[in-house]
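S.K.: My structure is below; once you've seen it, I'll send some questions.
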Amino acid sequence: MEKNTLNWPATDTHAHLYWEDYVEPVEEILARAEAENVGTILVPGTNLETSARVAALVGQYPNLYGAAGIHPSDVKETDETGYLEELERLLSQPKMVAVGEIGLDYYWDKSFTEKQKRFFHQQLQLALRLKKPVIIHNRNSDDDLIQILTEYAGTGLTGVFHCFSGDRPFLEKALKTGFYISIAGPVTFKNSKLKEILPYLPLGRLLTETDAPFLSPHPFRGKRNEPAYVTLVTRFLAGQYQVTEADINRNVTFNTWKLFGIGKKPEPVTTYPIGHNLYINLTNRCSADCVFCDRKDNATIQGYNLKIDREPTADEILSQIPDPSAYREFVFCGYGEPTIRLEELKKIASVLKAKGATIRVNTNGHGNLIHKRNILPELQGLVDKISISLNSLDETEYNSVMRLPAGKGFYQGMIQFARDARSVIPEVTMSVVAPLDADVSDYRRFAEEETGVRFRHRPLDFL
Ligand code: SF4
Ligand SMILES: [Zn+2]
């Protein structure tokens with residue numbers, strides 16, 4: 001198992017490195033990017049000529065990857081015969097990972113929208129046939145774009161909305177396509193409305209880019225852009241999401257791997273930092289089998305692979321934590337129920353507690369049912385906070401969402417666990433995972449008034 005790297009490089013998923021604005025050698029641009037800890041850079045083509053240049057360029061530098069496609073604004077000048085064959089030829093090279101950029105642009109010239117749509121369809125079909133994702137350009141064409149992508153639902157087509165600039169309703173439609181959303185420099189502009197959509201954009205679907213040489217982020221607005229400046233975007237996003245830059249970069253690295261196949265799947269981890277906390281992953285076993293749970297599939301969260309092939313011992317976990325004072329909280333949390341490994345949990349918690357740490361356990365609340373005894377007194381003095389998932393207020397729905405057998409008392413057991421925890425654990429919370437603007441007032445009332453514990457509304461993706 002791999003130790004976590006804190007120093008995740010930033011990723012620029014969209015930089016036109018061949019643009020005429022760059023008068024200096026590409027090595028200089030790449031050196032400045034490297035100095036800012038920018039890793040992978042994806043270079044999209046805009047027509048046959050630039051796509052060929054991309055294919056030649058990316059072969060020369062290990063961290064460059066390319067895409068080939070006809071940009072909607074270049075469709076007018078592109079001959080319809082033979083262009084797909086040429087794109088396919090370019091895309092057969094190993095580091096050409098996507099079809100792009102392609103899409104619709106009704107901003108500059110509306111005289112050839114039918115040809116744009118035809119090219120868009122043809123290139124989407126090419127992507128499907130080559131099993132490559134697409135990089136989508138969209139300007140003033142929201143409705144047509146979503147309509148076309150919806151026609152491809154269920155085909156396995158994937159991709160990214162590059163330089164996303166839509167509003168909340170459009171974001172929802174874009175997310176429904178299953179595509180990723182790439183954020184560029186304009187999010188940093190003073191009067192940008194784009195930041196308002198970020199609470200609804202899960203980190204699991206986020207990519208970052210510059211769109212260099214265009215759209216430089218603040219404070220370089222109006223100047224020539226380059227991949228080194230993607231760090232201004234990631235830093236801004238970290239502030240908005242209230243996570244660290246490493247958190248943003250790690251998520252984007254993982255999303256880049258998932259979408260474009262660049263890099264490799266992260267190794268499984270048993271401890272993993274997010275923000276200022278250290279999370280501890282003891283097991284993939286669980287008393288439940290929630291319909292939404294990724295446990296049996298990828299078991300990934302925020303760019304971490306939690307699918308362990310062997311459960312760690314308490315000593316193995318402790319050996320990964322030489323300095324407990326480096327973290328605000330230690331959180332037992334993974335794709336599995338931590339109280340299943342009660343003895344290890346207690347041992348780890350007691351060692352960390354003795355060094356002044358704060359300990360939280362994220363649980364489904366089934367601990368007493370799993371162990372057929374009241375385990376709460378055993379946690380007294382070791383655990384400062386318990387957070388219990390309140391997946392439903394209705395027993396039938398609870399059992400069905402968590403795929404639990406009826407009549408075994410899981411729902412009542414979970415509620416009783418929360419009530420009993422109040423007397424032995426300083427802070428007890430019931431939490432609900434729901435979109436930020438979902439109405440969770442019933443859940444809040446149930447937790448606070450009927451159960452007497454705290455309530456926490458967790459937007460998707462946040463632990
Ligand atoms: S309780 Fe948690 S770990 Fe268990 S199946 Fe549900 S979501 Fe997955
Ligand atoms: Zn572009």
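Labels for the structure tokens follow display order: chains A, B, ..., residues from 1 in each chain, ligands from 1.
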Ligand 1: which residues are within 9 Å, counting only C-alpha atoms and all ligand atoms, as a VMD selection string?
M.R.: chain A and resid 284 to 296 299 333 to 338 362 to 366 389 391 401 to 403
S.K.: Output as number ranges by chain all residues of stretch 244-346 of chain A that backbone DSSP marks as helix (DSSP H, G or I).
M.R.: A: 245-260, 314-319, 324-326, 338-346
S.K.: Restricting the calculation to only C-alpha atoms: of A:Gly39, A:Gly261, A:Gly413, A:Pro199, which residue gets closest to A:His371?
M.R.: A:Gly413
S.K.: Write out as a PyMOL selection string each polymer residue (protein, DNA or RNA) that has an atom no more than 8 Å from ligand 2, with only C-alpha atoms and all ligand atoms counted.
M.R.: chain A and resi 14-16+44-46+101+137+162+211-212
S.K.: Select, from A:Thr339, A:Thr113, A:Gln320, A:Ser392, the residue with the minimum atom-to-atom distance to A:Ile370, counting only C-alpha atoms.
M.R.: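 Answer, going by the shortest atom-to-atom distance: A:Thr339.
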